[in-house]
file protein38.cif (mmCIF, C-alpha atoms and all ligand atoms)
data_final
#
loop_
_atom_site.label_atom_id
_atom_site.label_comp_id
_atom_site.auth_asym_id
_atom_site.auth_seq_id
_atom_site.Cartn_x
_atom_site.Cartn_y
_atom_site.Cartn_z
CA MET D 100 -10.22 -36.15 7.04
CA TYR D 101 -7.22 -37.64 8.89
CA THR D 102 -5.16 -39.96 6.70
CA GLN D 103 -1.88 -40.21 8.58
CA LYS D 104 -0.54 -43.75 8.82
CA MET D 105 -1.47 -45.18 12.19
CA LEU D 106 0.86 -47.95 13.32
CA ARG D 107 4.54 -47.67 14.16
CA ASP D 108 7.18 -48.75 11.61
CA GLY D 109 7.74 -52.52 11.64
CA ALA D 110 4.43 -53.21 13.40
CA LEU D 111 3.78 -56.16 11.06
CA ASN D 112 7.38 -57.40 10.81
CA GLY D 113 7.55 -61.19 10.54
CA LYS D 114 3.90 -61.64 9.51
CA THR D 115 2.79 -63.11 6.22
CA ILE D 116 -0.64 -61.93 5.13
CA VAL D 117 -2.76 -63.37 2.31
CA VAL D 118 -5.18 -60.83 0.81
CA THR D 119 -7.82 -62.27 -1.52
CA GLY D 120 -8.81 -59.78 -4.19
CA GLY D 121 -5.56 -57.95 -3.39
CA GLY D 122 -4.89 -56.82 -6.95
CA SER D 123 -7.31 -53.90 -6.95
CA GLY D 124 -9.37 -51.47 -4.90
CA LEU D 125 -9.47 -51.81 -1.15
CA GLY D 126 -7.49 -55.07 -1.15
CA LYS D 127 -4.64 -53.30 -2.89
CA ALA D 128 -4.78 -50.34 -0.49
CA MET D 129 -4.67 -52.61 2.56
CA SER D 130 -1.87 -54.70 1.01
CA LYS D 131 0.18 -51.58 0.42
CA TYR D 132 -0.04 -50.51 4.05
CA PHE D 133 0.74 -54.03 5.33
CA LEU D 134 3.89 -54.00 3.17
CA GLU D 135 4.87 -50.57 4.50
CA LEU D 136 4.54 -51.97 8.02
CA GLY D 137 6.95 -54.82 7.26
CA ALA D 138 4.64 -57.75 6.43
CA ASN D 139 5.13 -60.13 3.53
CA VAL D 140 1.94 -60.01 1.46
CA VAL D 141 0.43 -62.56 -0.92
CA ILE D 142 -2.16 -61.05 -3.24
CA THR D 143 -4.56 -63.42 -4.99
CA SER D 144 -7.41 -63.23 -7.49
CA ARG D 145 -8.48 -64.71 -10.83
CA ASN D 146 -6.43 -62.35 -13.00
CA LEU D 147 -2.70 -63.14 -12.78
CA ASP D 148 -1.57 -60.34 -15.12
CA LYS D 149 -3.33 -57.77 -12.95
CA LEU D 150 -1.84 -59.31 -9.80
CA LYS D 151 1.68 -59.27 -11.23
CA ALA D 152 1.42 -55.62 -12.22
CA THR D 153 0.06 -54.70 -8.78
CA ALA D 154 2.71 -56.72 -6.94
CA GLU D 155 5.48 -55.08 -8.95
CA ALA D 156 4.11 -51.58 -8.32
CA LEU D 157 3.62 -52.25 -4.60
CA GLU D 158 7.11 -53.67 -4.19
CA GLN D 159 8.58 -50.60 -5.86
CA GLU D 160 6.54 -48.20 -3.73
CA THR D 161 7.09 -49.95 -0.39
CA LYS D 162 10.34 -51.93 -0.78
CA GLY D 163 8.39 -54.87 0.70
CA THR D 164 7.87 -58.39 -0.64
CA CYS D 165 4.59 -59.05 -2.43
CA LEU D 166 3.82 -62.41 -4.08
CA PRO D 167 1.06 -62.62 -6.73
CA LEU D 168 -0.77 -65.98 -6.85
CA GLN D 169 -3.69 -66.81 -9.10
CA CYS D 170 -6.65 -68.31 -7.25
CA ASP D 171 -10.38 -68.38 -7.89
CA VAL D 172 -11.75 -68.54 -4.36
CA ARG D 173 -14.80 -70.46 -5.63
CA ASN D 174 -12.60 -73.50 -6.22
CA TYR D 175 -11.36 -75.31 -3.08
CA ASN D 176 -8.50 -77.01 -4.94
CA GLU D 177 -7.20 -73.65 -6.14
CA VAL D 178 -7.41 -72.29 -2.59
CA GLU D 179 -5.39 -75.22 -1.24
CA ALA D 180 -2.80 -74.72 -4.01
CA MET D 181 -2.61 -70.99 -3.23
CA LEU D 182 -2.05 -71.72 0.48
CA LYS D 183 0.67 -74.24 -0.44
CA GLY D 184 2.34 -71.67 -2.70
CA ALA D 185 2.28 -69.04 0.04
CA VAL D 186 3.74 -71.41 2.64
CA GLU D 187 6.42 -72.66 0.23
CA ASN D 188 7.46 -69.08 -0.41
CA PHE D 189 7.35 -67.61 3.07
CA GLY D 190 7.53 -70.65 5.38
CA LYS D 191 4.18 -69.84 7.01
CA VAL D 192 1.08 -67.68 6.72
CA ASP D 193 -0.21 -65.77 9.75
CA VAL D 194 -3.21 -63.85 8.47
CA LEU D 195 -6.00 -64.47 5.95
CA LEU D 196 -7.85 -61.39 4.75
CA ASN D 197 -11.05 -62.43 2.97
CA ASN D 198 -11.61 -59.38 0.77
CA ALA D 199 -12.53 -60.85 -2.66
CA ALA D 200 -16.11 -60.14 -3.68
CA GLY D 201 -18.53 -59.98 -6.55
CA ASN D 202 -21.55 -57.69 -6.65
CA PHE D 203 -23.84 -55.72 -8.97
CA ILE D 204 -27.12 -53.91 -8.56
CA SER D 205 -30.22 -55.60 -9.96
CA PRO D 206 -33.89 -56.06 -9.15
CA THR D 207 -33.86 -59.57 -7.71
CA GLU D 208 -36.56 -60.85 -10.08
CA ARG D 209 -34.22 -60.10 -13.00
CA LEU D 210 -31.51 -62.43 -11.65
CA SER D 211 -31.01 -65.91 -13.07
CA ALA D 212 -30.31 -68.69 -10.61
CA ASN D 213 -26.73 -68.64 -11.87
CA ALA D 214 -26.39 -64.89 -11.32
CA PHE D 215 -27.48 -65.28 -7.68
CA ASP D 216 -25.16 -68.28 -7.26
CA THR D 217 -22.22 -66.41 -8.73
CA ILE D 218 -22.28 -63.79 -5.96
CA ILE D 219 -22.91 -66.34 -3.21
CA ASP D 220 -20.08 -68.48 -4.58
CA ILE D 221 -17.51 -65.67 -4.59
CA VAL D 222 -18.47 -64.03 -1.31
CA LEU D 223 -19.79 -66.76 0.98
CA LYS D 224 -18.41 -69.96 -0.53
CA GLY D 225 -15.10 -68.23 -1.35
CA THR D 226 -14.71 -67.01 2.23
CA LYS D 227 -15.68 -70.47 3.47
CA ASN D 228 -13.15 -72.15 1.15
CA CYS D 229 -10.28 -69.93 2.28
CA THR D 230 -11.23 -70.03 5.95
CA LEU D 231 -11.57 -73.81 5.99
CA ALA D 232 -8.31 -74.46 4.13
CA PHE D 233 -6.29 -72.00 6.24
CA GLY D 234 -7.97 -73.04 9.50
CA LYS D 235 -7.31 -76.75 8.91
CA HIS D 236 -3.71 -75.95 8.01
CA TRP D 237 -3.16 -73.92 11.17
CA ILE D 238 -4.71 -76.68 13.29
CA ASP D 239 -2.66 -79.43 11.59
CA THR D 240 0.62 -77.52 11.94
CA LYS D 241 -0.24 -76.32 15.46
CA GLN D 242 0.52 -72.75 14.39
CA THR D 243 -0.96 -70.20 16.81
CA ASN D 244 -1.32 -66.40 16.90
CA THR D 245 -3.10 -66.48 13.54
CA SER D 246 -6.10 -64.46 12.45
CA VAL D 247 -8.78 -64.07 9.83
CA LEU D 248 -10.16 -60.68 8.87
CA ASN D 249 -13.33 -60.60 6.77
CA ILE D 250 -14.54 -57.60 4.80
CA VAL D 251 -18.33 -57.43 5.02
CA THR D 252 -20.72 -54.47 4.62
CA THR D 253 -23.20 -52.72 6.89
CA TYR D 254 -26.07 -54.33 4.99
CA ALA D 255 -24.85 -57.68 6.35
CA TRP D 256 -27.19 -56.92 9.27
CA THR D 257 -29.69 -54.45 7.80
CA GLY D 258 -30.11 -56.25 4.47
CA SER D 259 -30.41 -54.13 1.32
CA ALA D 260 -32.72 -54.10 -1.66
CA TYR D 261 -31.17 -54.46 -5.14
CA VAL D 262 -28.02 -56.22 -3.90
CA VAL D 263 -29.80 -59.20 -2.35
CA PRO D 264 -27.25 -61.93 -3.21
CA SER D 265 -24.45 -59.79 -1.77
CA ALA D 266 -26.44 -58.98 1.37
CA THR D 267 -27.31 -62.65 1.83
CA ALA D 268 -23.70 -63.74 1.39
CA LYS D 269 -22.18 -61.02 3.60
CA ALA D 270 -24.66 -61.90 6.38
CA GLY D 271 -23.35 -65.47 6.16
CA VAL D 272 -19.76 -64.25 6.35
CA LEU D 273 -20.58 -62.23 9.46
CA ALA D 274 -22.18 -65.30 11.10
CA MET D 275 -19.08 -67.35 10.19
CA THR D 276 -16.83 -64.68 11.74
CA ARG D 277 -18.67 -64.69 15.05
CA SER D 278 -19.10 -68.48 15.17
CA LEU D 279 -15.45 -69.35 14.52
CA ALA D 280 -14.23 -66.58 16.85
CA VAL D 281 -15.57 -68.80 19.61
CA GLU D 282 -15.00 -72.28 18.19
CA TRP D 283 -11.42 -71.87 16.95
CA ALA D 284 -10.07 -69.53 19.65
CA LYS D 285 -8.72 -72.65 21.32
CA TYR D 286 -6.39 -73.10 18.33
CA GLY D 287 -4.97 -69.60 18.73
CA MET D 288 -6.99 -68.06 15.89
CA ARG D 289 -8.84 -64.73 16.03
CA PHE D 290 -11.72 -63.82 13.72
CA ASN D 291 -12.85 -60.25 13.09
CA ALA D 292 -14.67 -58.30 10.40
CA ILE D 293 -14.76 -54.78 9.02
CA ALA D 294 -17.96 -53.29 7.63
CA PRO D 295 -16.96 -50.40 5.37
CA GLY D 296 -19.36 -47.71 4.20
CA PRO D 297 -18.75 -46.11 0.81
CA PHE D 298 -15.07 -46.15 -0.20
CA PRO D 299 -14.92 -45.36 -3.93
CA THR D 300 -13.20 -48.05 -6.02
CA LYS D 301 -13.50 -48.74 -9.73
CA GLY D 302 -14.70 -52.32 -9.10
CA ALA D 303 -17.56 -51.28 -6.84
CA TRP D 304 -18.54 -48.02 -8.52
CA ASP D 305 -18.72 -49.59 -12.03
CA ARG D 306 -21.17 -52.19 -10.76
CA LEU D 307 -23.11 -50.30 -8.09
CA LEU D 308 -23.26 -46.79 -9.54
CA PRO D 309 -22.95 -47.25 -13.33
CA GLY D 310 -23.37 -44.33 -15.74
CA ASP D 311 -24.85 -41.20 -14.20
CA LEU D 312 -26.10 -43.03 -11.09
CA LYS D 313 -22.95 -41.83 -9.32
CA ASP D 314 -24.13 -38.23 -9.81
CA LYS D 315 -27.79 -38.96 -9.05
CA PHE D 316 -26.97 -40.87 -5.85
CA ASP D 317 -24.08 -38.96 -4.34
CA MET D 318 -22.94 -41.43 -1.67
CA ALA D 319 -21.38 -38.64 0.41
CA LYS D 320 -24.86 -37.19 1.02
CA LYS D 321 -25.95 -40.38 2.78
CA VAL D 322 -23.16 -40.02 5.32
CA PRO D 323 -23.55 -37.80 8.43
CA LEU D 324 -19.89 -36.81 8.09
CA ASN D 325 -20.78 -35.72 4.54
CA ARG D 326 -17.98 -37.53 2.74
CA VAL D 327 -16.93 -40.94 1.49
CA GLY D 328 -14.09 -42.88 3.09
CA ASP D 329 -10.42 -42.60 2.23
CA HIS D 330 -8.60 -45.88 1.55
CA GLN D 331 -5.92 -45.15 4.17
CA GLU D 332 -8.62 -44.86 6.84
CA LEU D 333 -9.67 -48.43 6.08
CA ALA D 334 -6.06 -49.61 5.79
CA ASN D 335 -5.31 -48.19 9.26
CA LEU D 336 -8.18 -50.17 10.80
CA ALA D 337 -7.28 -53.36 8.92
CA ALA D 338 -3.61 -53.09 9.95
CA TYR D 339 -4.64 -52.73 13.59
CA LEU D 340 -6.93 -55.76 13.39
CA VAL D 341 -4.29 -58.02 11.84
CA SER D 342 -1.55 -56.78 14.18
CA ASP D 343 -0.74 -58.05 17.66
CA PHE D 344 -2.02 -54.72 19.07
CA SER D 345 -5.54 -56.18 18.69
CA ALA D 346 -4.66 -59.51 20.34
CA TYR D 347 -7.72 -59.29 22.65
CA VAL D 348 -10.19 -58.28 19.89
CA ASN D 349 -12.01 -61.41 18.73
CA GLY D 350 -15.43 -61.91 17.14
CA GLU D 351 -15.89 -58.19 16.52
CA VAL D 352 -17.25 -56.38 13.48
CA ILE D 353 -16.07 -52.79 13.26
CA THR D 354 -18.09 -50.38 11.16
CA ILE D 355 -16.20 -47.63 9.34
CA ASP D 356 -18.86 -45.65 7.49
CA GLY D 357 -19.01 -42.11 8.89
CA GLY D 358 -22.36 -43.02 10.51
CA GLU D 359 -24.03 -43.94 7.20
CA TRP D 360 -26.11 -46.94 8.21
CA LEU D 361 -27.37 -45.35 11.42
CA LYS D 362 -28.51 -42.30 9.46
CA GLY D 363 -30.71 -44.61 7.40
CA ALA D 364 -32.00 -46.35 10.51
CA GLY D 365 -33.01 -43.64 13.02
CA GLN D 366 -36.74 -42.92 12.82
CA PHE D 367 -36.45 -39.13 13.10
CA ASN D 368 -33.13 -38.65 11.32
CA LEU D 369 -34.98 -37.02 8.40
CA LEU D 370 -35.56 -33.99 10.66
CA GLU D 371 -32.05 -32.93 9.77
CA ALA D 372 -33.68 -31.30 6.73
CA ILE D 373 -35.45 -28.77 8.99
CA PRO D 374 -33.75 -25.37 8.99
CA GLU D 375 -32.75 -23.74 12.29
CA GLU D 376 -35.36 -20.94 12.13
CA ILE D 377 -38.24 -23.41 11.73
CA TRP D 378 -37.21 -25.06 15.01
CA ASP D 379 -38.37 -21.88 16.88
CA GLN D 380 -41.87 -22.29 15.41
CA LEU D 381 -41.95 -26.04 16.06
CA GLU D 382 -40.82 -25.58 19.64
CA ALA D 383 -43.47 -22.93 20.20
CA MET D 384 -46.18 -25.24 18.78
CA ILE D 385 -45.10 -28.13 21.00
CA ARG D 386 -44.92 -25.94 24.12
CA ALA D 387 -48.36 -24.45 23.36
CA LYS D 388 -49.96 -27.92 23.19
CA LYS D 389 -48.34 -28.85 26.52
CA SER D 390 -49.74 -25.81 28.33
CA LYS D 391 -53.31 -26.59 27.08
CA SER D 392 -53.33 -30.27 28.10
C1 LIG D 401 -27.99 -59.36 -14.11
C2 LIG D 401 -25.94 -60.39 -14.41
C3 LIG D 401 -25.29 -59.13 -14.41
C4 LIG D 401 -26.11 -57.95 -14.28
C5 LIG D 401 -23.80 -60.68 -14.64
N1 LIG D 401 -24.98 -61.31 -14.56
N2 LIG D 401 -23.97 -59.35 -14.56
N3 LIG D 401 -27.26 -60.51 -14.25
N4 LIG D 401 -27.45 -58.12 -14.12
N5 LIG D 401 -25.57 -56.73 -14.25
C6 LIG D 401 -25.21 -62.75 -14.62
C7 LIG D 401 -24.71 -63.38 -15.91
O1 LIG D 401 -25.62 -63.21 -16.98
C8 LIG D 401 -24.55 -64.84 -15.49
O2 LIG D 401 -25.79 -65.48 -15.39
C9 LIG D 401 -24.06 -64.70 -14.05
O3 LIG D 401 -24.47 -63.40 -13.60
C10 LIG D 401 -22.55 -64.82 -13.94
O4 LIG D 401 -21.97 -63.82 -14.78
P1 LIG D 401 -20.51 -63.99 -15.40
O5 LIG D 401 -20.20 -62.73 -16.08
O6 LIG D 401 -20.42 -65.27 -16.14
O7 LIG D 401 -19.67 -64.19 -14.03
P2 LIG D 401 -18.17 -63.97 -13.72
O8 LIG D 401 -17.33 -63.83 -14.97
O9 LIG D 401 -17.81 -64.98 -12.72
O10 LIG D 401 -18.14 -62.49 -13.04
C11 LIG D 401 -18.67 -62.29 -11.76
C12 LIG D 401 -19.38 -60.92 -11.63
C13 LIG D 401 -18.45 -59.79 -12.13
C14 LIG D 401 -19.75 -60.77 -10.17
C15 LIG D 401 -20.63 -60.93 -12.50
O11 LIG D 401 -19.09 -58.53 -11.95
C16 LIG D 401 -17.15 -59.76 -11.40
O12 LIG D 401 -16.18 -60.41 -11.82
N6 LIG D 401 -17.05 -59.04 -10.24
C17 LIG D 401 -15.84 -59.01 -9.40
C18 LIG D 401 -15.56 -57.67 -8.82
C19 LIG D 401 -16.75 -57.00 -8.12
O13 LIG D 401 -17.89 -57.38 -8.31
N7 LIG D 401 -16.41 -55.96 -7.35
C20 LIG D 401 -17.40 -55.19 -6.64
C21 LIG D 401 -17.40 -55.56 -5.21
S1 LIG D 401 -18.24 -54.25 -4.44
P3 LIG D 401 -26.36 -66.44 -16.60
O14 LIG D 401 -27.64 -66.99 -16.06
O15 LIG D 401 -26.56 -65.54 -17.78
O16 LIG D 401 -25.32 -67.49 -16.82
C22 LIG D 401 -19.02 -54.70 -3.07
C23 LIG D 401 -19.45 -53.47 -2.30
C24 LIG D 401 -20.51 -53.66 -1.30
O17 LIG D 401 -19.20 -55.83 -2.77
C25 LIG D 401 -21.02 -52.41 -0.62
C26 LIG D 401 -20.80 -51.06 -1.27
C27 LIG D 401 -21.23 -49.87 -0.49
P1 LIG D 402 -12.88 -54.62 -6.27
O1 LIG D 402 -11.67 -53.80 -6.57
O2 LIG D 402 -13.75 -55.03 -7.39
O3 LIG D 402 -12.39 -55.88 -5.45
C1 LIG D 402 -12.91 -57.16 -5.57
C2 LIG D 402 -11.76 -58.11 -5.79
O4 LIG D 402 -12.22 -59.45 -5.71
C3 LIG D 402 -11.07 -57.94 -7.15
O5 LIG D 402 -9.68 -57.75 -6.94
C4 LIG D 402 -11.33 -59.26 -7.86
O6 LIG D 402 -10.19 -59.63 -8.64
C5 LIG D 402 -11.54 -60.21 -6.69
N1 LIG D 402 -12.37 -61.36 -7.05
C6 LIG D 402 -13.61 -61.36 -7.59
N2 LIG D 402 -14.04 -62.60 -7.81
C7 LIG D 402 -13.04 -63.43 -7.39
C8 LIG D 402 -12.88 -64.84 -7.33
N3 LIG D 402 -13.84 -65.65 -7.78
N4 LIG D 402 -11.73 -65.34 -6.83
C9 LIG D 402 -10.75 -64.51 -6.40
N5 LIG D 402 -10.84 -63.18 -6.40
C10 LIG D 402 -11.98 -62.65 -6.90
O7 LIG D 402 -13.84 -53.86 -5.23
P2 LIG D 402 -13.57 -53.23 -3.78
O8 LIG D 402 -14.50 -52.10 -3.66
O9 LIG D 402 -12.14 -53.02 -3.55
O10 LIG D 402 -14.10 -54.39 -2.81
C11 LIG D 402 -13.26 -55.03 -1.87
C12 LIG D 402 -14.07 -55.54 -0.70
O11 LIG D 402 -14.65 -54.46 0.00
C13 LIG D 402 -15.22 -56.45 -1.08
O12 LIG D 402 -15.35 -57.48 -0.11
C14 LIG D 402 -16.42 -55.56 -1.00
O13 LIG D 402 -17.62 -56.26 -0.77
C15 LIG D 402 -16.03 -54.72 0.19
N6 LIG D 402 -16.73 -53.45 0.32
C16 LIG D 402 -16.44 -52.43 -0.52
C17 LIG D 402 -17.08 -51.21 -0.34
C18 LIG D 402 -16.76 -50.03 -1.20
O14 LIG D 402 -17.37 -48.98 -1.02
N7 LIG D 402 -15.83 -50.11 -2.12
C19 LIG D 402 -18.02 -51.07 0.67
C20 LIG D 402 -18.30 -52.15 1.51
C21 LIG D 402 -17.64 -53.33 1.34
P3 LIG D 402 -10.29 -60.45 -10.03
O15 LIG D 402 -11.36 -59.83 -10.83
O16 LIG D 402 -8.90 -60.31 -10.58
O17 LIG D 402 -10.57 -61.88 -9.65
#
call {"tool": "encode", "arguments": {"input": "protein38.cif", "output": "structure tokens", "more": "lines below"}}
Ligand code: HXC
Ligand code: NAP
result
Amino acid sequence: MYTQKMLRDGALNGKTIVVTGGGSGLGKAMSKYFLELGANVVITSRNLDKLKATAEALEQETKGTCLPLQCDVRNYNEVEAMLKGAVENFGKVDVLLNNAAGNFISPTERLSANAFDTIIDIVLKGTKNCTLAFGKHWIDTKQTNTSVLNIVTTYAWTGSAYVVPSATAKAGVLAMTRSLAVEWAKYGMRFNAIAPGPFPTKGAWDRLLPGDLKDKFDMAKKVPLNRVGDHQELANLAAYLVSDFSAYVNGEVITIDGGEWLKGAGQFNLLEAIPEEIWDQLEAMIRAKKSKS
């Protein structure tokens, strides 16, 4: 594992970055690195106490400036107020990182209509609310060199059983990313996405691998590189994508999963279970058939 910090000091100087769901997990890890690189960071979520504690800790660790603002992304009025608060504080916002999410495992037939809606509302409608509010603001104020980074998942394109509302919503977010990358490029906005594989966080693991599921389904075993991701690995990629170093990257989704989704996809990938010595016998059998035909 290589977890050195990637970008040069000051690489995000002068940028203000809003991170939804920035009070915990991956949002917090990305926020921390943005602060270390010189950005001002606004962290938002529903829980203001949590945000305040995180902002204080991050400011102490990084000596950067981190503003906590309460905002339920499901509510457009709250999103507009959050944007106003960020602009009032820092003069402008340059980057929106749509990271907030809701998810839990469940057989789909056990979900109420409201349960399904809840996930769609946080992930798809929440990303839409933030993107629309920030996009309109950037267009109205003629601010350019702005960007939106969306956190999706690899099942945005494969789909996944037992997390169907999340898969449905993340697929929508990916379509939004690619669509607006084209439509709003003329306003100086870039749109990209990251599709992380397993990166342990309390929020995700409590809801996706509750109880002893985390031992029964060791996520590392699903990954060709045989490990889960480290938060700094994701933060390095996110920092690159929100920095000016990626100024020509637009409409892209970058997977960072150690090869996990491809391992599930390749038809003969299961053959990895075959020990080396058996390959001699298999090769001999195949060659024998060829010489007889
Ligand atoms: C079935 C459930 C349920 C469960 C809640 N509901 N949990 N149904 N099984 N385990 C139902 C409720 O009964 C209710 O429906 C509806 O869902 C809304 O629930 P509330 O608790 O009222 O919602 P709310 O307080 O808004 O909380 C949202 C939440 C919660 C999504 C349910 O878990 C949350 O706050 N999550 C935020 C953080 C999070 O999820 N992080 C993980 C992201 S991980 P009824 O009909 O009863 O009213 C991720 C990783 C992807 O996305 C890939 C990993 C590899
Ligand atoms: P997490 O810590 O639970 O993060 C989710 C965040 O979203 C929380 O900070 C939560 O804060 C916020 N949130 C939830 N509902 C909200 C709402 N209505 N309005 C505003 N904020 C809301 O989990 P995580 O693992 O770091 O997930 C972060 C992102 O990575 C998500 O997009 C997730 O889908 C994605 N992802 C994670 C993994 C992984 O392995 N961890 C893999 C693939 C993708 P509050 O509760 O305070 O509102």
call {"tool": "axis_aligned_box", "arguments": {"input": "protein38.cif", "around": "ligand LIG 402 (chain D)", "padding_each_side": "3 Å", "output": "lines of an AutoDock Vina configuration file"}}
result
center_x = -13.6
center_y = -57.3
center_z = -4.7
size_x = 15.4
size_y = 22.7
size_z = 18.3
call {"tool": "closest_atom_pairs", "arguments": {"input": "protein38.cif", "of": "chain D", "to": "ligand LIG 402 (chain D)", "cutoff": "6 Å", "atoms": "only C-alpha atoms and all ligand atoms", "output": "CSV"}}
result
residue,atom,partner,partner_atom,distance
D:Thr119,CA,D:LIG402,N5,5.8
D:Gly120,CA,D:LIG402,O5,3.5
D:Gly121,CA,D:LIG402,O5,5.4
D:Gly122,CA,D:LIG402,O5,4.9
D:Ser123,CA,D:LIG402,O1,4.4
D:Gly124,CA,D:LIG402,O9,3.4
D:Leu125,CA,D:LIG402,O9,3.8
D:Gly126,CA,D:LIG402,O9,5.6
D:Ser144,CA,D:LIG402,N5,3.6
D:Arg145,CA,D:LIG402,O17,3.7
D:Asn146,CA,D:LIG402,O16,4.0
D:Cys170,CA,D:LIG402,C9,5.7
D:Asp171,CA,D:LIG402,N4,3.5
D:Val172,CA,D:LIG402,N4,4.0
D:Arg173,CA,D:LIG402,N3,5.4
D:Asn198,CA,D:LIG402,O12,4.3
D:Ala199,CA,D:LIG402,O4,3.4
D:Ala200,CA,D:LIG402,O4,4.4
D:Gly201,CA,D:LIG402,C6,5.2
D:Ile221,CA,D:LIG402,N3,4.9
D:Ile250,CA,D:LIG402,O12,5.0
D:Val251,CA,D:LIG402,C21,5.6
D:Thr252,CA,D:LIG402,C20,4.6
D:Pro295,CA,D:LIG402,C20,4.4
D:Gly296,CA,D:LIG402,C19,5.1
D:Pro297,CA,D:LIG402,O14,3.7
D:Phe298,CA,D:LIG402,O14,3.7
D:Pro299,CA,D:LIG402,N7,5.2
D:Thr300,CA,D:LIG402,O8,4.9
D:Gly302,CA,D:LIG402,O2,3.3
D:Ala303,CA,D:LIG402,O8,4.5
call {"tool": "closest_residue", "arguments": {"input": "protein38.cif", "among": "D:Lys191, D:Lys269, D:Lys389, D:His236", "to": "ligand LIG 401 (chain D)", "atoms": "only C-alpha atoms and all ligand atoms"}}
result
D:Lys269
call {"tool": "atom_distance", "arguments": {"input": "protein38.cif", "atom1": "CA of Ala284 in chain D", "atom2": "CA of Ser130 in chain D"}}
result
25.2 Å
call {"tool": "closest_residue", "arguments": {"input": "protein38.cif", "among": "D:Ala268, D:Ala154, D:Val118, D:Ile142", "to": "ligand LIG 401 (chain D)", "atoms": "only C-alpha atoms and all ligand atoms"}}
result
D:Ala268
call {"tool": "residues_around", "arguments": {"input": "protein38.cif", "residues": "Ala338 in chain D", "least_positions_apart": "3", "cutoff": "8 Å", "atoms": "all atoms listed in the file", "output": "list in words"}}
result
Leu106, Met129, Tyr132, Phe133, Ala334, Asn335, Val341 and Ser342 of chain D
call {"tool": "atom_distance", "arguments": {"input": "protein38.cif", "atom1": "atom O11 of ligand LIG 401 (chain D)", "atom2": "CA of Tyr261 in chain D"}}
result
14.5 Å
call {"tool": "residues_near_point", "arguments": {"input": "protein38.cif", "point": "(-2.6, -52.2, 9.9)", "cutoff": "12 Å", "atoms": "only C-alpha atoms", "output": "VMD selection string"}}
result
chain D and resid 104 to 112 114 116 128 to 138 194 196 248 331 to 345
call {"tool": "residues_around", "arguments": {"input": "protein38.cif", "residues": "Lys362 in chain D", "least_positions_apart": "3", "cutoff": "8 Å", "atoms": "all atoms listed in the file", "output": "list of chain:residue names"}}
result
D:Lys321, D:Val322, D:Pro323, D:Gly358, D:Glu359, D:Gly365, D:Asn368
call {"tool": "atom_distance", "arguments": {"input": "protein38.cif", "atom1": "CA of Tyr286 in chain D", "atom2": "CA of Ala274 in chain D"}}
result
19.0 Å
call {"tool": "closest_residue", "arguments": {"input": "protein38.cif", "among": "D:Gly163, D:Gly184, D:Gly328, D:Pro374", "to": "ligand LIG 401 (chain D)", "atoms": "only C-alpha atoms and all ligand atoms"}}
result
D:Gly328
call {"tool": "residues_around", "arguments": {"input": "protein38.cif", "residues": "Glu179 in chain D", "least_positions_apart": "6", "cutoff": "12 Å", "atoms": "all atoms listed in the file", "output": "list in words"}}
result
Leu168, Gln169, Cys170, Asp171, Val172, Arg173, Ala185, Val186, Gly225, Asn228, Cys229, Thr230, Leu231, Ala232, Phe233, Gly234, Lys235 and His236 of chain D
call {"tool": "write_last_selection", "arguments": {"input": "protein38.cif", "atoms": "C-alpha atoms", "output": "PDB file, in the frame of the given file"}}
result
ATOM      1  CA  LEU D 168      -0.770 -65.980  -6.850  1.00  0.00           C
ATOM      2  CA  GLN D 169      -3.690 -66.810  -9.100  1.00  0.00           C
ATOM      3  CA  CYS D 170      -6.650 -68.310  -7.250  1.00  0.00           C
ATOM      4  CA  ASP D 171     -10.380 -68.380  -7.890  1.00  0.00           C
ATOM      5  CA  VAL D 172     -11.750 -68.540  -4.360  1.00  0.00           C
ATOM      6  CA  ARG D 173     -14.800 -70.460  -5.630  1.00  0.00           C
ATOM      7  CA  ALA D 185       2.280 -69.040   0.040  1.00  0.00           C
ATOM      8  CA  VAL D 186       3.740 -71.410   2.640  1.00  0.00           C
ATOM      9  CA  GLY D 225     -15.100 -68.230  -1.350  1.00  0.00           C
ATOM     10  CA  ASN D 228     -13.150 -72.150   1.150  1.00  0.00           C
ATOM     11  CA  CYS D 229     -10.280 -69.930   2.280  1.00  0.00           C
ATOM     12  CA  THR D 230     -11.230 -70.030   5.950  1.00  0.00           C
ATOM     13  CA  LEU D 231     -11.570 -73.810   5.990  1.00  0.00           C
ATOM     14  CA  ALA D 232      -8.310 -74.460   4.130  1.00  0.00           C
ATOM     15  CA  PHE D 233      -6.290 -72.000   6.240  1.00  0.00           C
ATOM     16  CA  GLY D 234      -7.970 -73.040   9.500  1.00  0.00           C
ATOM     17  CA  LYS D 235      -7.310 -76.750   8.910  1.00  0.00           C
ATOM     18  CA  HIS D 236      -3.710 -75.950   8.010  1.00  0.00           C
TER      19      HIS D 236
END
